[in-house]
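Novice: See data_18.cif below, with mmCIF, C-alpha atoms.
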data_entry
loop_
_atom_site.label_atom_id
_atom_site.label_comp_id
_atom_site.auth_asym_id
_atom_site.auth_seq_id
_atom_site.Cartn_x
_atom_site.Cartn_y
_atom_site.Cartn_z
CA MET R 27 0.81 -8.75 -39.99
CA THR R 28 4.34 -10.11 -39.58
CA SER R 29 7.42 -8.13 -38.60
CA VAL R 30 10.74 -8.25 -40.46
CA THR R 31 11.94 -10.82 -37.91
CA GLY R 32 9.07 -13.14 -38.71
CA VAL R 33 7.53 -12.69 -35.27
CA VAL R 34 3.82 -11.97 -35.14
CA PRO R 35 3.24 -8.98 -32.83
CA ARG R 36 0.76 -9.45 -29.99
CA SER R 37 -1.19 -6.33 -30.92
CA SER R 38 -1.35 -4.27 -34.10
CA LYS R 39 -3.08 -1.44 -32.19
CA PRO R 40 -0.58 -0.05 -29.68
CA GLN R 41 -2.75 3.05 -29.30
CA GLY R 42 -5.17 0.86 -27.34
CA LEU R 43 -2.50 0.46 -24.69
CA LEU R 44 -1.87 4.16 -24.13
CA PRO R 45 -3.31 6.09 -21.19
CA THR R 46 -5.31 9.27 -21.57
CA GLY R 47 -3.41 12.54 -21.74
CA ALA R 48 -5.10 13.97 -18.66
CA PRO R 49 -5.65 11.99 -15.46
CA LEU R 50 -9.02 10.22 -15.27
CA THR R 51 -11.29 11.99 -12.79
CA LEU R 52 -14.82 11.41 -11.48
CA VAL R 53 -14.89 13.99 -8.66
CA ASP R 54 -12.93 17.20 -9.15
CA ALA R 55 -10.99 19.16 -6.53
CA ASP R 56 -14.15 21.10 -5.57
CA GLY R 57 -16.20 17.97 -5.05
CA ARG R 58 -18.17 18.22 -8.30
CA ALA R 59 -18.95 15.11 -10.35
CA VAL R 60 -17.10 14.95 -13.67
CA PRO R 61 -18.56 12.92 -16.57
CA SER R 62 -16.19 10.24 -17.82
CA ALA R 63 -16.34 7.94 -20.82
CA ASP R 64 -13.67 5.70 -19.32
CA LEU R 65 -14.82 5.15 -15.72
CA ALA R 66 -18.19 4.55 -14.07
CA MET R 67 -19.05 6.51 -10.94
CA PRO R 68 -19.25 4.12 -7.95
CA GLY R 69 -22.58 3.73 -6.19
CA ASP R 70 -23.52 5.87 -3.21
CA ASP R 71 -22.82 3.05 -0.76
CA VAL R 72 -19.29 2.71 -2.14
CA LEU R 73 -18.68 6.46 -1.94
CA LEU R 74 -19.78 6.49 1.69
CA ALA R 75 -17.55 3.50 2.45
CA LEU R 76 -14.60 5.23 0.78
CA HIS R 77 -15.15 8.34 2.89
CA ARG R 78 -15.49 6.37 6.11
CA LYS R 79 -12.36 4.30 5.52
CA MET R 80 -10.37 7.40 4.54
CA VAL R 81 -11.32 9.16 7.80
CA LEU R 82 -10.29 6.14 9.87
CA ALA R 83 -7.12 5.64 7.83
CA ARG R 84 -5.99 9.26 8.20
CA ARG R 85 -6.50 9.20 11.97
CA PHE R 86 -4.57 5.94 12.15
CA ASP R 87 -1.74 7.49 10.12
CA THR R 88 -1.46 10.59 12.31
CA GLN R 89 -1.53 8.43 15.43
CA ALA R 90 1.20 6.15 14.07
CA THR R 91 3.32 9.22 13.30
CA ALA R 92 2.87 10.43 16.89
CA LEU R 93 3.78 6.99 18.26
CA THR R 94 7.01 7.15 16.26
CA ARG R 95 7.91 10.46 17.86
CA GLN R 96 7.20 8.90 21.25
CA GLY R 97 9.60 6.04 20.54
CA ARG R 98 6.90 3.37 20.28
CA LEU R 99 7.73 2.72 16.64
CA ALA R 100 11.22 2.46 15.19
CA VAL R 101 10.12 4.13 11.97
CA TYR R 102 6.88 5.02 10.21
CA PRO R 103 6.49 6.09 6.56
CA SER R 104 3.37 8.25 6.52
CA ALA R 105 0.92 8.08 3.62
CA ARG R 106 -0.95 11.25 4.58
CA GLY R 107 -2.36 12.77 1.42
CA GLN R 108 -2.53 9.39 -0.32
CA GLU R 109 -5.69 8.14 1.40
CA ALA R 110 -7.67 8.04 -1.85
CA GLY R 111 -5.18 5.63 -3.39
CA GLU R 112 -4.64 3.56 -0.27
CA VAL R 113 -8.34 3.06 0.41
CA GLY R 114 -9.77 3.26 -3.10
CA ALA R 115 -7.51 0.56 -4.49
CA VAL R 116 -8.08 -1.88 -1.64
CA LEU R 117 -11.87 -1.50 -1.53
CA ALA R 118 -11.95 -2.40 -5.22
CA LEU R 119 -10.46 -5.82 -4.49
CA ARG R 120 -12.54 -8.95 -4.01
CA PRO R 121 -12.07 -11.08 -0.85
CA ARG R 122 -10.21 -13.76 -2.84
CA ASP R 123 -7.68 -11.33 -4.32
CA TRP R 124 -4.19 -10.66 -2.97
CA LEU R 125 -2.63 -7.35 -1.93
CA PHE R 126 1.13 -6.82 -2.19
CA PRO R 127 1.90 -3.61 -0.26
CA THR R 128 5.03 -1.54 0.28
CA TYR R 129 6.36 -0.14 3.56
CA ARG R 130 4.24 3.01 3.03
CA ASP R 131 0.96 1.18 2.56
CA THR R 132 0.00 0.48 6.17
CA MET R 133 -3.29 2.31 5.60
CA ALA R 134 -4.07 -0.14 2.79
CA VAL R 135 -3.08 -3.10 4.96
CA ILE R 136 -5.47 -2.21 7.80
CA CYS R 137 -8.17 -1.33 5.27
CA ARG R 138 -7.87 -4.93 4.10
CA GLY R 139 -8.79 -6.04 7.64
CA VAL R 140 -5.39 -6.57 9.29
CA ASP R 141 -5.31 -5.72 13.01
CA PRO R 142 -3.48 -2.36 13.34
CA ILE R 143 -1.21 -3.76 16.05
CA GLU R 144 -0.27 -6.67 13.81
CA ALA R 145 0.33 -4.28 10.93
CA LEU R 146 2.66 -2.14 13.04
CA SER R 147 4.68 -5.06 14.42
CA LEU R 148 7.18 -4.81 11.57
CA LEU R 149 7.70 -1.07 12.10
CA ARG R 150 7.88 -1.63 15.85
CA GLY R 151 10.70 -4.12 15.37
CA ASP R 152 8.90 -7.11 16.92
CA TRP R 153 8.49 -9.38 13.90
CA HIS R 154 9.39 -9.41 10.24
CA CYS R 155 5.66 -9.62 9.49
CA GLY R 156 3.22 -9.30 12.35
CA TYR R 157 0.22 -10.85 10.60
CA ASP R 158 -0.66 -14.07 8.79
CA PRO R 159 -0.53 -13.25 5.06
CA TYR R 160 -2.77 -16.19 4.18
CA GLU R 161 -5.49 -15.16 6.62
CA TYR R 162 -5.85 -11.69 5.13
CA ARG R 163 -4.47 -12.39 1.65
CA VAL R 164 -2.02 -9.55 2.26
CA ALA R 165 1.66 -10.19 1.57
CA PRO R 166 4.27 -8.87 4.04
CA GLN R 167 4.94 -5.17 3.62
CA CYS R 168 7.85 -4.81 1.24
CA THR R 169 10.79 -2.61 2.24
CA PRO R 170 13.18 -3.30 -0.68
CA LEU R 171 11.91 -1.34 -3.66
CA ALA R 172 9.97 -3.31 -6.28
CA THR R 173 10.66 -6.87 -5.07
CA ASN R 174 6.95 -7.20 -4.31
CA THR R 175 6.16 -6.74 -8.03
CA LEU R 176 7.83 -10.07 -8.78
CA HIS R 177 6.05 -11.75 -5.87
CA ALA R 178 2.69 -10.51 -7.15
CA VAL R 179 3.31 -11.80 -10.66
CA GLY R 180 4.43 -15.16 -9.28
CA VAL R 181 1.32 -15.60 -7.12
CA ALA R 182 -1.00 -14.44 -9.90
CA HIS R 183 0.61 -16.67 -12.52
CA ALA R 184 0.49 -19.67 -10.18
CA ALA R 185 -3.19 -19.02 -9.49
CA ARG R 186 -3.91 -18.89 -13.21
CA LEU R 187 -2.08 -22.18 -13.80
CA LYS R 188 -4.16 -23.77 -11.03
CA GLY R 189 -7.40 -22.43 -12.46
CA GLU R 190 -8.07 -20.18 -9.48
CA ASP R 191 -9.98 -16.93 -9.80
CA THR R 192 -7.40 -14.71 -8.08
CA VAL R 193 -6.07 -11.27 -8.97
CA ALA R 194 -2.97 -9.71 -7.39
CA LEU R 195 -2.81 -5.97 -6.76
CA VAL R 196 0.74 -4.74 -6.23
CA MET R 197 1.38 -1.27 -4.86
CA LEU R 198 4.58 0.58 -5.71
CA GLY R 199 5.86 4.12 -5.74
CA ASP R 200 7.33 6.19 -8.55
CA GLY R 201 10.84 5.35 -7.34
CA ALA R 202 10.15 1.62 -7.64
CA THR R 203 9.42 2.02 -11.36
CA SER R 204 13.12 2.81 -11.82
CA GLU R 205 14.08 -0.62 -10.47
CA GLY R 206 14.89 -3.61 -12.68
CA ASP R 207 12.45 -5.80 -10.76
CA THR R 208 9.55 -3.70 -12.01
CA HIS R 209 10.75 -4.14 -15.58
CA ALA R 210 10.97 -7.91 -15.18
CA ALA R 211 7.58 -8.08 -13.44
CA LEU R 212 5.77 -6.07 -16.10
CA ASN R 213 7.44 -7.98 -18.89
CA PHE R 214 6.62 -11.44 -17.55
CA ALA R 215 3.10 -10.40 -16.50
CA ALA R 216 2.44 -9.32 -20.09
CA VAL R 217 3.98 -12.41 -21.67
CA TRP R 218 2.10 -14.75 -19.32
CA GLN R 219 -1.06 -12.57 -19.32
CA ALA R 220 -0.95 -12.86 -15.55
CA PRO R 221 -3.89 -11.40 -13.59
CA VAL R 222 -1.97 -8.55 -11.96
CA VAL R 223 -2.80 -4.89 -11.37
CA PHE R 224 0.26 -2.67 -11.03
CA PHE R 225 -0.83 0.32 -8.94
CA VAL R 226 1.83 3.04 -9.00
CA GLN R 227 1.30 5.80 -6.45
CA ASN R 228 3.30 8.60 -7.98
CA ASN R 229 3.69 10.88 -4.95
CA GLY R 230 6.34 13.08 -6.52
CA TYR R 231 9.50 11.89 -4.81
CA ALA R 232 11.61 8.77 -4.38
CA ILE R 233 12.87 9.89 -0.96
CA SER R 234 14.46 13.17 -2.14
CA VAL R 235 14.62 12.49 -5.89
CA PRO R 236 11.83 14.17 -7.91
CA LEU R 237 10.17 12.34 -10.77
CA SER R 238 11.86 14.64 -13.31
CA LYS R 239 15.19 13.04 -12.39
CA GLN R 240 13.81 9.51 -12.62
CA SER R 241 12.00 9.40 -15.95
CA ALA R 242 11.57 11.45 -19.12
CA ALA R 243 8.41 9.58 -20.16
CA PRO R 244 5.19 11.62 -20.62
CA SER R 245 3.86 9.71 -17.63
CA LEU R 246 4.77 6.50 -15.85
CA ALA R 247 1.57 5.01 -17.25
CA HIS R 248 2.98 5.50 -20.78
CA LYS R 249 5.60 2.88 -19.99
CA GLY R 250 2.95 0.18 -20.27
CA VAL R 251 2.97 0.28 -24.07
CA GLY R 252 6.57 -0.95 -24.14
CA TYR R 253 5.49 -4.15 -22.39
CA GLY R 254 2.17 -4.59 -24.16
CA VAL R 255 0.31 -3.72 -20.95
CA PRO R 256 -2.75 -1.43 -21.14
CA ALA R 257 -2.41 1.54 -18.83
CA MET R 258 -4.49 4.18 -17.09
CA LEU R 259 -3.49 7.56 -15.66
CA VAL R 260 -5.79 8.49 -12.78
CA ASP R 261 -6.17 11.41 -10.37
CA GLY R 262 -4.80 9.80 -7.23
CA ASN R 263 -6.59 12.28 -4.96
CA ASP R 264 -9.97 11.22 -6.35
CA ALA R 265 -11.06 8.15 -4.39
CA ALA R 266 -13.99 7.50 -6.72
CA ALA R 267 -11.73 7.45 -9.79
CA VAL R 268 -9.13 5.25 -8.10
CA TYR R 269 -11.80 2.76 -7.03
CA ALA R 270 -13.35 2.67 -10.50
CA ALA R 271 -10.00 2.29 -12.26
CA VAL R 272 -8.81 -0.54 -10.04
CA GLN R 273 -12.18 -2.27 -10.19
CA ARG R 274 -12.04 -2.14 -13.98
CA ALA R 275 -8.49 -3.52 -14.00
CA VAL R 276 -9.37 -6.31 -11.55
CA ALA R 277 -12.36 -7.30 -13.69
CA ALA R 278 -10.16 -7.41 -16.82
CA ALA R 279 -7.57 -9.56 -15.07
CA ALA R 280 -10.22 -11.93 -13.71
CA GLU R 281 -11.64 -12.33 -17.22
CA GLY R 282 -8.26 -13.46 -18.54
CA ARG R 283 -7.29 -10.20 -20.25
CA GLY R 284 -4.00 -9.93 -18.41
CA PRO R 285 -2.33 -7.14 -16.42
CA THR R 286 -3.04 -3.43 -16.22
CA LEU R 287 -0.71 -0.60 -15.21
CA ILE R 288 -2.35 2.25 -13.27
CA GLU R 289 -0.49 5.44 -12.38
CA SER R 290 -2.15 7.32 -9.53
CA LEU R 291 -1.02 10.96 -9.38
CA THR R 292 -0.86 12.11 -5.76
CA TYR R 293 1.56 13.68 -3.25
CA ARG R 294 3.43 12.71 -0.11
CA ILE R 295 2.51 15.40 2.43
CA GLU R 296 4.82 14.24 5.21
CA ALA R 297 8.54 13.51 5.00
CA HIS R 298 9.74 10.19 3.59
CA THR R 299 9.95 8.84 7.16
CA ASN R 300 10.55 10.33 10.60
CA ALA R 301 14.29 10.16 9.78
CA ASP R 302 13.95 12.44 6.74
CA ASP R 303 14.18 16.24 6.51
CA ALA R 304 11.95 17.05 3.53
CA THR R 305 12.74 20.79 3.74
CA ARG R 306 16.12 20.05 2.19
CA TYR R 307 14.62 19.15 -1.19
CA ARG R 308 11.16 20.78 -1.46
CA ASP R 309 9.51 24.09 -0.57
CA GLN R 310 6.58 24.52 1.80
CA ASP R 311 4.68 26.33 -0.97
CA GLU R 312 4.68 23.08 -2.93
CA VAL R 313 3.31 21.15 0.04
CA ASP R 314 0.67 23.82 0.68
CA GLY R 315 -0.50 23.56 -2.92
CA TRP R 316 -1.18 19.88 -2.48
CA LEU R 317 -2.79 20.35 0.93
CA ALA R 318 -5.41 22.40 -0.91
CA ARG R 319 -6.14 19.31 -3.03
CA ASP R 320 -6.92 17.17 0.03
CA PRO R 321 -8.50 13.87 -1.11
CA LEU R 322 -10.59 13.55 2.05
CA ALA R 323 -12.02 17.06 1.75
CA ARG R 324 -12.85 16.36 -1.90
CA ILE R 325 -15.00 13.28 -1.37
CA ARG R 326 -16.57 14.80 1.76
CA GLN R 327 -17.62 17.92 -0.15
CA HIS R 328 -19.13 15.73 -2.87
CA LEU R 329 -21.15 13.72 -0.36
CA LEU R 330 -22.31 16.83 1.51
CA ALA R 331 -23.42 18.53 -1.69
CA ARG R 332 -25.50 15.49 -2.65
CA GLY R 333 -27.09 15.16 0.77
CA LEU R 334 -25.50 11.77 1.38
CA LEU R 335 -23.60 13.09 4.40
CA ASP R 336 -24.30 15.68 7.07
CA GLU R 337 -22.40 17.34 9.91
CA PRO R 338 -23.75 15.03 12.66
CA ALA R 339 -22.63 12.00 10.66
CA ILE R 340 -19.18 13.54 10.21
CA ALA R 341 -18.94 14.26 13.95
CA ALA R 342 -19.92 10.67 14.77
CA LEU R 343 -17.33 9.32 12.34
CA ASP R 344 -14.64 11.59 13.77
CA ALA R 345 -15.52 10.33 17.25
CA GLU R 346 -15.20 6.74 16.02
CA ALA R 347 -11.78 7.53 14.57
CA GLU R 348 -10.66 9.11 17.87
CA ALA R 349 -11.86 6.07 19.80
CA GLU R 350 -9.88 3.77 17.52
CA ALA R 351 -6.80 5.98 17.95
CA ALA R 352 -7.17 5.76 21.73
CA VAL R 353 -7.32 1.96 21.56
CA LEU R 354 -4.23 1.95 19.33
CA ARG R 355 -2.33 4.15 21.81
CA ARG R 356 -3.29 1.94 24.73
CA ARG R 357 -2.30 -1.26 22.97
CA MET R 358 0.95 0.17 21.64
CA ASN R 359 1.92 1.55 25.06
CA ALA R 360 1.73 -1.93 26.56
CA ASP R 361 5.23 -3.39 26.41
CA ARG R 362 5.37 -6.76 24.75
CA GLU R 363 6.98 -9.60 26.69
CA HIS R 364 9.69 -11.08 24.52
CA ASP R 365 10.64 -14.73 24.57
CA PRO R 366 14.35 -15.27 23.77
CA ALA R 367 13.39 -18.56 22.11
CA ASP R 368 11.73 -16.50 19.36
CA LEU R 369 15.23 -15.88 18.01
CA PHE R 370 15.25 -19.48 16.85
CA ARG R 371 11.63 -20.08 15.92
CA HIS R 372 10.46 -19.77 12.32
CA VAL R 373 14.01 -19.62 10.95
CA TYR R 374 13.97 -23.07 9.38
CA ALA R 375 11.22 -25.67 9.14
CA GLU R 376 13.73 -28.10 10.62
CA PRO R 377 16.34 -26.37 12.83
CA THR R 378 19.94 -26.94 11.79
CA PRO R 379 22.49 -28.45 14.21
CA ASP R 380 24.20 -25.06 14.53
CA LEU R 381 20.90 -23.37 15.36
CA ARG R 382 20.10 -26.00 18.00
CA ALA R 383 23.56 -25.54 19.54
CA GLN R 384 23.09 -21.76 19.67
CA GLN R 385 19.68 -22.16 21.29
CA GLN R 386 21.07 -24.52 23.93
CA GLU R 387 23.94 -22.13 24.62
CA LEU R 388 21.55 -19.19 25.10
CA SER R 389 19.25 -21.27 27.32
CA ALA R 390 22.18 -22.23 29.51
CA GLU R 391 23.29 -18.59 29.82
CA LEU R 392 19.77 -17.46 30.75
CA ALA R 393 19.42 -20.25 33.31
CA ALA R 394 22.74 -19.28 34.91
CA ALA R 395 21.72 -15.62 34.99
CA ALA R 396 18.36 -16.52 36.57
CA ALA R 397 20.12 -18.53 39.29
CA ASP R 398 22.19 -15.47 40.18
CA ASP R 399 19.32 -12.98 39.92
CA PRO R 400 15.71 -14.19 40.26
CA GLU R 401 14.46 -10.99 38.56
CA VAL R 402 15.92 -12.24 35.26
CA SER R 403 13.45 -15.10 35.12
CA ARG R 404 10.44 -12.85 35.53
#
Show how you would write the structure in this file as structure tokens.
Specialist:
Amino acid sequence: MTSVTGVVPRSSKPQGLLPTGAPLTLVDADGRAVPSADLAMPGDDVLLALHRKMVLARRFDTQATALTRQGRLAVYPSARGQEAGEVGAVLALRPRDWLFPTYRDTMAVICRGVDPIEALSLLRGDWHCGYDPYEYRVAPQCTPLATNTLHAVGVAHAARLKGEDTVALVMLGDGATSEGDTHAALNFAAVWQAPVVFFVQNNGYAISVPLSKQSAAPSLAHKGVGYGVPAMLVDGNDAAAVYAAVQRAVAAAAEGRGPTLIESLTYRIEAHTNADDATRYRDQDEVDGWLARDPLARIRQHLLARGLLDEPAIAALDAEAEAEAAVLRRRMNADREHDPADLFRHVYAEPTPDLRAQQQELSAELAAAAADDPEVSR
């Protein structure tokens, strides 16, 4: 089949790119298993791991929110209510894969193994990125919307050119899909057949802008067909479905079948950040409706009903989460000793003459101040 322009289209079956009309689900809001022709239910060990990580992640998130109110963090974008997406997507990755998170994905970052203190260094204002991306295969948390989509495609394409078995999972919100960088990333990923999974957590709002004012598409997943990227629409409060969808997309990418676009339908329970007043653009009734669809309660009810979990195990896990929160509080309440020389480290591989001059000037000022007041040097 050849088009009127003489160009042979990549696929003569665009319907194979379209997502399902209803979100893919494996465990419904009442914790009941739902048969699916598109996704395989994860094994019991995976379901238990999802539940455990979601409990720990939620307690971390609430503790980080409290630390922000106490002035220990400059800002913290909560992901409460999005635990199924944060945890489910990351657990579906292989150790050799890369995660490209946004500023809201701190739960996902620590689920990937990053030390919570290192993960919070950016939001504390200590470092641009408080962890070694290469050690964890986790890119720095991205604050500008959608720039991480391009980074993910670049890393994935480079890995493919080098013959490496690496898949990049990039997380983005519904607001980021309105950015030009997302368009460019999806387009090039499709053309290059780059091993990338675009995981869109549609939590209803881009700060205060609802999805209805961002896009008129039937779903954000439907946008994949315009790029030639197969897409899935998944219930983002169903950890089992998120895990299965991302695992399927990672496997396809690793097999050389290119990128996948996944839209995860969920909701942002808390305000955009601690600096936002969400009551100005949404009603409490709306929030309450989503609280009733709690992703943690859903998977817990499923595990309890199947006898895979009991109340003593839940109590033990809650105690573990509280212990981790206490350690986080203690470590975050310890003031970090800052070295003024850090202002000049890691700026350039080889410091410029101007940078050296500035460093010498600051060193001289500090030495003079220390001579006048010995407390300065402590």
Novice: For each of R:Tyr162, R:Glu337, R:Asp64, R:Asn263, take the minimum atom-to-atom distance to Ala323 in chain R, counting all atoms listed in the file, then give the residue where this is smallest.
Specialist: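 So, comparing all the options, the nearest one is R:Asn263.
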Novice: Would you mind reading off the distance between CA of Ala331 in chain R and CA of Gly262 in chain R, one decimal, in Å?
Specialist: 21.3 Å
Novice: Take every atom of range 164-179 of chain R listed in the file, pad by 8 Å on each side, and give me the axis-aligned box centre and edge lengths in Å, one decimal, as AutoDock Vina command-line options.
Specialist:
--center_x 5.6 --center_y -6.6 --center_z -3.3 --size_x 31.2 --size_y 26.5 --size_z 30.7
Novice: Rank nothing, just name the residue among R:Cys137, R:Ala210, R:Ala390, R:Leu93 nearest to Thr173 in chain R, using only C-alpha atoms.
Specialist: R:Ala210
Novice: I need the output of the PyMOL selection byres ((chain R and resi 296-312) around 6) for this file as a ChimeraX atom specification; which residues are they?
Specialist: /R:102-103,233,294-295,313-315
Novice: For Asp344 in chain R, which of R:Val101, R:Gln327, R:His77, R:Gln108 is the closest residue, counting all atoms listed in the file?
Specialist: R:His77
Novice: Within 12 Å of (-11.5, 9.2, -7.4), in the coordinates the file gives, what residues turn up when you count all atoms listed in the file, written out as a ChimeraX atom specification?
Specialist: /R:49-55,57-60,62,65-68,72-73,76-77,108-115,118,259-273,290-292,320-322,324-326,328
Novice: Please produce a file of those selected residues containing C-alpha atoms, as a short mmCIF file (atom, residue, chain, number, x, y, z; two decimals), in the coordinates of the input.
Specialist:
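So the final result, stored in again.cif, reads:
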data_model
loop_
_atom_site.label_atom_id
_atom_site.label_comp_id
_atom_site.auth_asym_id
_atom_site.auth_seq_id
_atom_site.Cartn_x
_atom_site.Cartn_y
_atom_site.Cartn_z
CA PRO R 49 -5.65 11.99 -15.46
CA LEU R 50 -9.02 10.22 -15.27
CA THR R 51 -11.29 11.99 -12.79
CA LEU R 52 -14.82 11.41 -11.48
CA VAL R 53 -14.89 13.99 -8.66
CA ASP R 54 -12.93 17.20 -9.15
CA ALA R 55 -10.99 19.16 -6.53
CA GLY R 57 -16.20 17.97 -5.05
CA ARG R 58 -18.17 18.22 -8.30
CA ALA R 59 -18.95 15.11 -10.35
CA VAL R 60 -17.10 14.95 -13.67
CA SER R 62 -16.19 10.24 -17.82
CA LEU R 65 -14.82 5.15 -15.72
CA ALA R 66 -18.19 4.55 -14.07
CA MET R 67 -19.05 6.51 -10.94
CA PRO R 68 -19.25 4.12 -7.95
CA VAL R 72 -19.29 2.71 -2.14
CA LEU R 73 -18.68 6.46 -1.94
CA LEU R 76 -14.60 5.23 0.78
CA HIS R 77 -15.15 8.34 2.89
CA GLN R 108 -2.53 9.39 -0.32
CA GLU R 109 -5.69 8.14 1.40
CA ALA R 110 -7.67 8.04 -1.85
CA GLY R 111 -5.18 5.63 -3.39
CA GLU R 112 -4.64 3.56 -0.27
CA VAL R 113 -8.34 3.06 0.41
CA GLY R 114 -9.77 3.26 -3.10
CA ALA R 115 -7.51 0.56 -4.49
CA ALA R 118 -11.95 -2.40 -5.22
CA LEU R 259 -3.49 7.56 -15.66
CA VAL R 260 -5.79 8.49 -12.78
CA ASP R 261 -6.17 11.41 -10.37
CA GLY R 262 -4.80 9.80 -7.23
CA ASN R 263 -6.59 12.28 -4.96
CA ASP R 264 -9.97 11.22 -6.35
CA ALA R 265 -11.06 8.15 -4.39
CA ALA R 266 -13.99 7.50 -6.72
CA ALA R 267 -11.73 7.45 -9.79
CA VAL R 268 -9.13 5.25 -8.10
CA TYR R 269 -11.80 2.76 -7.03
CA ALA R 270 -13.35 2.67 -10.50
CA ALA R 271 -10.00 2.29 -12.26
CA VAL R 272 -8.81 -0.54 -10.04
CA GLN R 273 -12.18 -2.27 -10.19
CA SER R 290 -2.15 7.32 -9.53
CA LEU R 291 -1.02 10.96 -9.38
CA THR R 292 -0.86 12.11 -5.76
CA ASP R 320 -6.92 17.17 0.03
CA PRO R 321 -8.50 13.87 -1.11
CA LEU R 322 -10.59 13.55 2.05
CA ARG R 324 -12.85 16.36 -1.90
CA ILE R 325 -15.00 13.28 -1.37
CA ARG R 326 -16.57 14.80 1.76
CA HIS R 328 -19.13 15.73 -2.87
#
Novice: Using the chain letters and numbers from this file, what does the PyMOL selection byres ((chain R and resi 227) around 6) select? Give the answer as a VMD selection string.
Specialist: chain R and resid 199 226 228 to 229 290
Novice: Just C-alpha atoms for this one: save the residues we selected as a PDB file, in the frame of the given file.
Specialist:
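To be explicit, this is the file written out as selection.pdb:
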ATOM      1  CA  GLY R 199       5.860   4.120  -5.740  1.00  0.00           C
ATOM      2  CA  VAL R 226       1.830   3.040  -9.000  1.00  0.00           C
ATOM      3  CA  ASN R 228       3.300   8.600  -7.980  1.00  0.00           C
ATOM      4  CA  ASN R 229       3.690  10.880  -4.950  1.00  0.00           C
ATOM      5  CA  SER R 290      -2.150   7.320  -9.530  1.00  0.00           C
TER       6      SER R 290
END
Novice: CA of Pro121 in chain R and CA of Thr192 in chain R are how many Å apart?
Specialist: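 According to the coordinates, CA of Pro121 in chain R and CA of Thr192 in chain R are separated by 9.3 Å.
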Novice: I need the residue nearest Thr132 in chain R from this list: R:Lys239, R:His248, R:Arg84, R:Arg120. Use all atoms listed in the file for the distance.
Specialist: R:Arg84
Novice: Which residue gives the smallest distance to Arg85 in chain R among R:Ala352, R:Pro256, R:Thr286, R:Asp365, with all atoms listed in the file counted?
Specialist: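 Closest candidate: R:Ala352.
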Novice: Using only C-alpha atoms, pick whichever of R:Ala279, R:Leu287, R:Ala341, R:Ala105 has the shortest atom-to-atom distance to Met258 in chain R.
Specialist: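 Among R:Ala279, R:Leu287, R:Ala341, R:Ala105, it is R:Leu287 that comes nearest to Met258 in chain R.
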Novice: What does the distance between CA of Ser389 in chain R and CA of His154 in chain R come to in Å, to one decimal place?
Specialist: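 Between CA of Ser389 in chain R and CA of His154 in chain R the gap is 23.0 Å.
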Novice: Counting only C-alpha atoms, I want the residues whose atoms come within 6 Å of (8.7, 5.2, -13.6) in the file frame, returned as a list in words.
Specialist: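 Every residue inside that radius is included here: Asp200, Thr203, Ser204, Ser241 and Leu246 of chain R.
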